[in-house]
Amino acid sequence: MTEKNSATELPETMRALVVGHGPAWDLVEREVPLPGAGEVLVRVQAAASNNGDLPMLDGADPGSGGSGEEAVAGFEYAGEIAAVGDGVSSWHVGDAVMGSMPSAYADYVLVDARFPMPRPATITSVDAATLPVGLLTEHGALVAADFVKGRSVLVTGASSGVGLVGVQVAKAVGASTVIGTTRRESMRQVLTDHGVDEVIVTDGDDLAERVLALTDDGVDVVLEHLGAPAFAQSVEATAQEGHLVPVGRAAGSEASINLDRIGQRRLAIRGVSFGFTRLQEMADVVAGLLPEVIPAVERGEIRAVVDSTYDVTDHEKVVERLRSGENTGKVVMTFVDSRPR
């Protein structure tokens, strides 16, 4: 490292929210990690909730049959580069960034230098923290669907945090029509405000019928976030030679589908899972965002949906809010460490 980026300028310890102690996170002290070759250390300013938070908590809760294994929680952050490792020339100390990485609920998070995204100066760290998972997932799914400008897109579960980003990404890259589904009538205006052209309020059983009533032969691309039974309905709602991408499985991971219909309609089904086990794949997905999607964020065409904001010391309230199921958009925690050093 250069002298500017040396570890002596960093505190020895940091705060981190960990699972494995019970039904909620514990705020503990951990050593600040140092970046190795090809890595950067990000000072976290804000971190956002994700669908994986509660399953991770519950799966590690020893009081409910969980593993009891301690791990730092969180997947999504915004902050600034605090140190860079050897061989990193793309980032410098002080650069504003946002991104997705496990262990994000901490004052500092260690990140592969290929993974952060530049944070536009037009948005706050709180807003920025809510976007990376949605941007990566939804744009990556559109790429997997061979999306080109002018095609129509159906986003199931569009009122979820990721879904709301998905409809905006589809619009930003040139979708002709975006249809979004929700189970809550109260979300209709929210979806419209974020770019959905046609809102379908449904429990899923009549999804195909409703989509076909709005289109000639179905939609060109489906970003399917729900799983069963919406996946089977989405087969019927996809146009001839269309693309169906199962992104999420919020309502279940098993579905019965009509294979004849897939063949007759010549559908392409492309599974996606953007994790951190395939490092180059993730790096490629991040790089794919830079030309169109990040500028759209900067221009305000893709906006954050923030349900509520808490300081990290109020993490119990965050868990309560997530368990209530009443949040609209992301719950964000801010990290402003004022402890004496």
# chains A, B, ... in the order shown; residues from 1 in each chain; ligands from 1

call {"tool": "select_by_dssp", "arguments": {"residues": "stretch 10-200 of chain A", "states": "strand (DSSP E or B)", "output": "PyMOL selection string"}}
result
chain A and resi 13-19+26-31+39-48+71-72+76-84+96-100+106+108-112+117-118+153-155+178-182+198-200

call {"tool": "residues_around", "arguments": {"residues": "A:Ser159", "least_positions_apart": "6", "cutoff": "7 Å", "atoms": "only C-alpha atoms", "output": "PyMOL selection string"}}
result
chain A and resi 182+187+191

call {"tool": "residues_around", "arguments": {"residues": "A:Ala228", "least_positions_apart": "4", "cutoff": "12 Å", "atoms": "only C-alpha atoms", "output": "mmCIF file with C-alpha atoms, in the first residue's frame"}}
result
data_model
loop_
_atom_site.group_PDB
_atom_site.id
_atom_site.type_symbol
_atom_site.label_atom_id
_atom_site.label_comp_id
_atom_site.auth_asym_id
_atom_site.auth_seq_id
_atom_site.Cartn_x
_atom_site.Cartn_y
_atom_site.Cartn_z
ATOM 1 C CA THR A 156 -43.975 -9.872 -11.192
ATOM 2 C CA GLY A 157 -43.739 -8.825 -7.566
ATOM 3 C CA ASP A 203 -52.875 -12.997 -6.219
ATOM 4 C CA GLY A 204 -51.375 -14.727 -9.268
ATOM 5 C CA ASP A 205 -54.168 -17.063 -10.311
ATOM 6 C CA GLU A 224 -40.386 -13.361 -12.473
ATOM 7 C CA ALA A 232 -46.596 -21.196 -14.303
ATOM 8 C CA GLN A 233 -48.887 -18.277 -15.108
ATOM 9 C CA SER A 234 -45.938 -16.383 -16.586
ATOM 10 C CA VAL A 235 -45.379 -19.162 -19.127
ATOM 11 C CA PRO A 246 -36.980 -16.678 -12.900
ATOM 12 C CA GLY A 248 -36.752 -14.849 -7.272
ATOM 13 C CA ARG A 249 -38.837 -17.390 -5.428
ATOM 14 C CA ALA A 250 -40.566 -15.328 -2.768
ATOM 15 C CA ALA A 251 -43.755 -17.433 -2.840
ATOM 16 C CA GLY A 252 -42.129 -20.840 -3.280
ATOM 17 C CA SER A 253 -39.429 -22.596 -5.282
ATOM 18 C CA GLU A 254 -41.498 -25.395 -6.860
ATOM 19 C CA ALA A 255 -43.930 -24.883 -9.714
ATOM 20 C CA SER A 256 -45.847 -27.097 -12.143
ATOM 21 C CA ILE A 257 -45.606 -25.885 -15.717
#

call {"tool": "closest_residue", "arguments": {"among": "A:Val297, A:Ala128, A:Val28, A:Ile302", "to": "A:Arg15", "atoms": "only C-alpha atoms"}}
result
A:Val28

call {"tool": "atom_distance", "arguments": {"atom1": "atom CA of A:Leu154", "atom2": "atom CA of A:Arg261"}}
result
18.2 Å

call {"tool": "closest_residue", "arguments": {"among": "A:Val143, A:Val155, A:Val306, A:Ile262", "to": "A:Val211", "atoms": "only C-alpha atoms"}}
result
A:Val155

call {"tool": "decode", "arguments": {"residues": "stretch 301-331 of chain A", "atoms": "N, CA and C atoms", "output": "CSV table (one decimal), in the first residue's frame"}}
result
chain,number,residue,atom,x,y,z
A,301,GLU,N,-33.5,9.0,-13.2
A,301,GLU,CA,-34.5,8.1,-13.9
A,301,GLU,C,-34.7,6.8,-13.1
A,302,ILE,N,-33.8,6.4,-12.3
A,302,ILE,CA,-33.9,5.3,-11.4
A,302,ILE,C,-33.7,5.8,-10.0
A,303,ARG,N,-34.8,5.7,-9.2
A,303,ARG,CA,-34.8,6.3,-7.9
A,303,ARG,C,-34.9,5.3,-6.8
A,304,ALA,N,-34.4,5.6,-5.6
A,304,ALA,CA,-34.5,4.8,-4.5
A,304,ALA,C,-35.9,4.8,-3.9
A,305,VAL,N,-36.2,3.7,-3.2
A,305,VAL,CA,-37.5,3.6,-2.5
A,305,VAL,C,-37.1,3.3,-1.0
A,306,VAL,N,-37.1,4.3,-0.2
A,306,VAL,CA,-36.7,4.1,1.2
A,306,VAL,C,-37.9,4.1,2.1
A,307,ASP,N,-38.0,3.0,2.8
A,307,ASP,CA,-39.2,2.9,3.8
A,307,ASP,C,-38.9,3.7,5.0
A,308,SER,N,-37.7,3.5,5.6
A,308,SER,CA,-37.4,4.2,6.9
A,308,SER,C,-35.9,4.1,7.1
A,309,THR,N,-35.3,5.0,7.9
A,309,THR,CA,-33.9,5.0,8.2
A,309,THR,C,-33.7,5.0,9.7
A,310,TYR,N,-32.7,4.2,10.1
A,310,TYR,CA,-32.3,4.1,11.6
A,310,TYR,C,-30.8,4.2,11.7
A,311,ASP,N,-30.3,4.7,12.8
A,311,ASP,CA,-28.9,4.5,13.1
A,311,ASP,C,-28.7,3.1,13.5
A,312,VAL,N,-27.5,2.6,13.2
A,312,VAL,CA,-27.2,1.2,13.4
A,312,VAL,C,-27.4,0.8,14.9
A,313,THR,N,-27.3,1.7,15.8
A,313,THR,CA,-27.5,1.4,17.2
A,313,THR,C,-29.0,1.1,17.5
A,314,ASP,N,-29.9,1.4,16.6
A,314,ASP,CA,-31.3,1.1,16.7
A,314,ASP,C,-31.6,-0.1,15.9
A,315,HIS,N,-30.7,-1.1,15.8
A,315,HIS,CA,-30.9,-2.2,14.9
A,315,HIS,C,-32.1,-3.1,15.3
A,316,GLU,N,-32.5,-3.1,16.6
A,316,GLU,CA,-33.6,-3.9,17.0
A,316,GLU,C,-34.9,-3.4,16.3
A,317,LYS,N,-35.0,-2.1,16.1
A,317,LYS,CA,-36.2,-1.5,15.4
A,317,LYS,C,-36.2,-1.9,14.0
A,318,VAL,N,-35.0,-2.1,13.4
A,318,VAL,CA,-35.0,-2.5,12.0
A,318,VAL,C,-35.5,-4.0,11.9
A,319,VAL,N,-35.1,-4.8,12.8
A,319,VAL,CA,-35.6,-6.2,12.7
A,319,VAL,C,-37.2,-6.2,12.9
A,320,GLU,N,-37.6,-5.4,13.9
A,320,GLU,CA,-39.1,-5.3,14.1
A,320,GLU,C,-39.8,-4.9,12.8
A,321,ARG,N,-39.2,-3.9,12.2
A,321,ARG,CA,-39.9,-3.4,10.9
A,321,ARG,C,-39.9,-4.4,9.8
A,322,LEU,N,-38.8,-5.2,9.7
A,322,LEU,CA,-38.7,-6.2,8.7
A,322,LEU,C,-39.7,-7.3,9.0
A,323,ARG,N,-39.8,-7.7,10.2
A,323,ARG,CA,-40.7,-8.8,10.6
A,323,ARG,C,-42.1,-8.4,10.5
A,324,SER,N,-42.4,-7.2,10.5
A,324,SER,CA,-43.8,-6.7,10.4
A,324,SER,C,-44.3,-7.0,9.0
A,325,GLY,N,-43.4,-7.0,8.0
A,325,GLY,CA,-43.9,-7.1,6.6
A,325,GLY,C,-44.6,-5.9,6.0
A,326,GLU,N,-44.5,-4.8,6.8
A,326,GLU,CA,-45.3,-3.6,6.3
A,326,GLU,C,-44.4,-2.6,5.6
A,327,ASN,N,-43.1,-2.9,5.5
A,327,ASN,CA,-42.2,-1.9,4.9
A,327,ASN,C,-42.5,-1.8,3.4
A,328,THR,N,-42.4,-0.6,2.9
A,328,THR,CA,-42.5,-0.4,1.4
A,328,THR,C,-41.1,0.2,1.0
A,329,GLY,N,-40.4,-0.7,0.3
A,329,GLY,CA,-39.0,-0.3,0.0
A,329,GLY,C,-38.1,-0.8,1.0
A,330,LYS,N,-36.9,-0.3,1.0
A,330,LYS,CA,-35.8,-0.7,1.9
A,330,LYS,C,-35.8,0.0,3.2
A,331,VAL,N,-35.4,-0.7,4.2
A,331,VAL,CA,-35.1,-0.1,5.5
A,331,VAL,C,-33.6,0.1,5.5
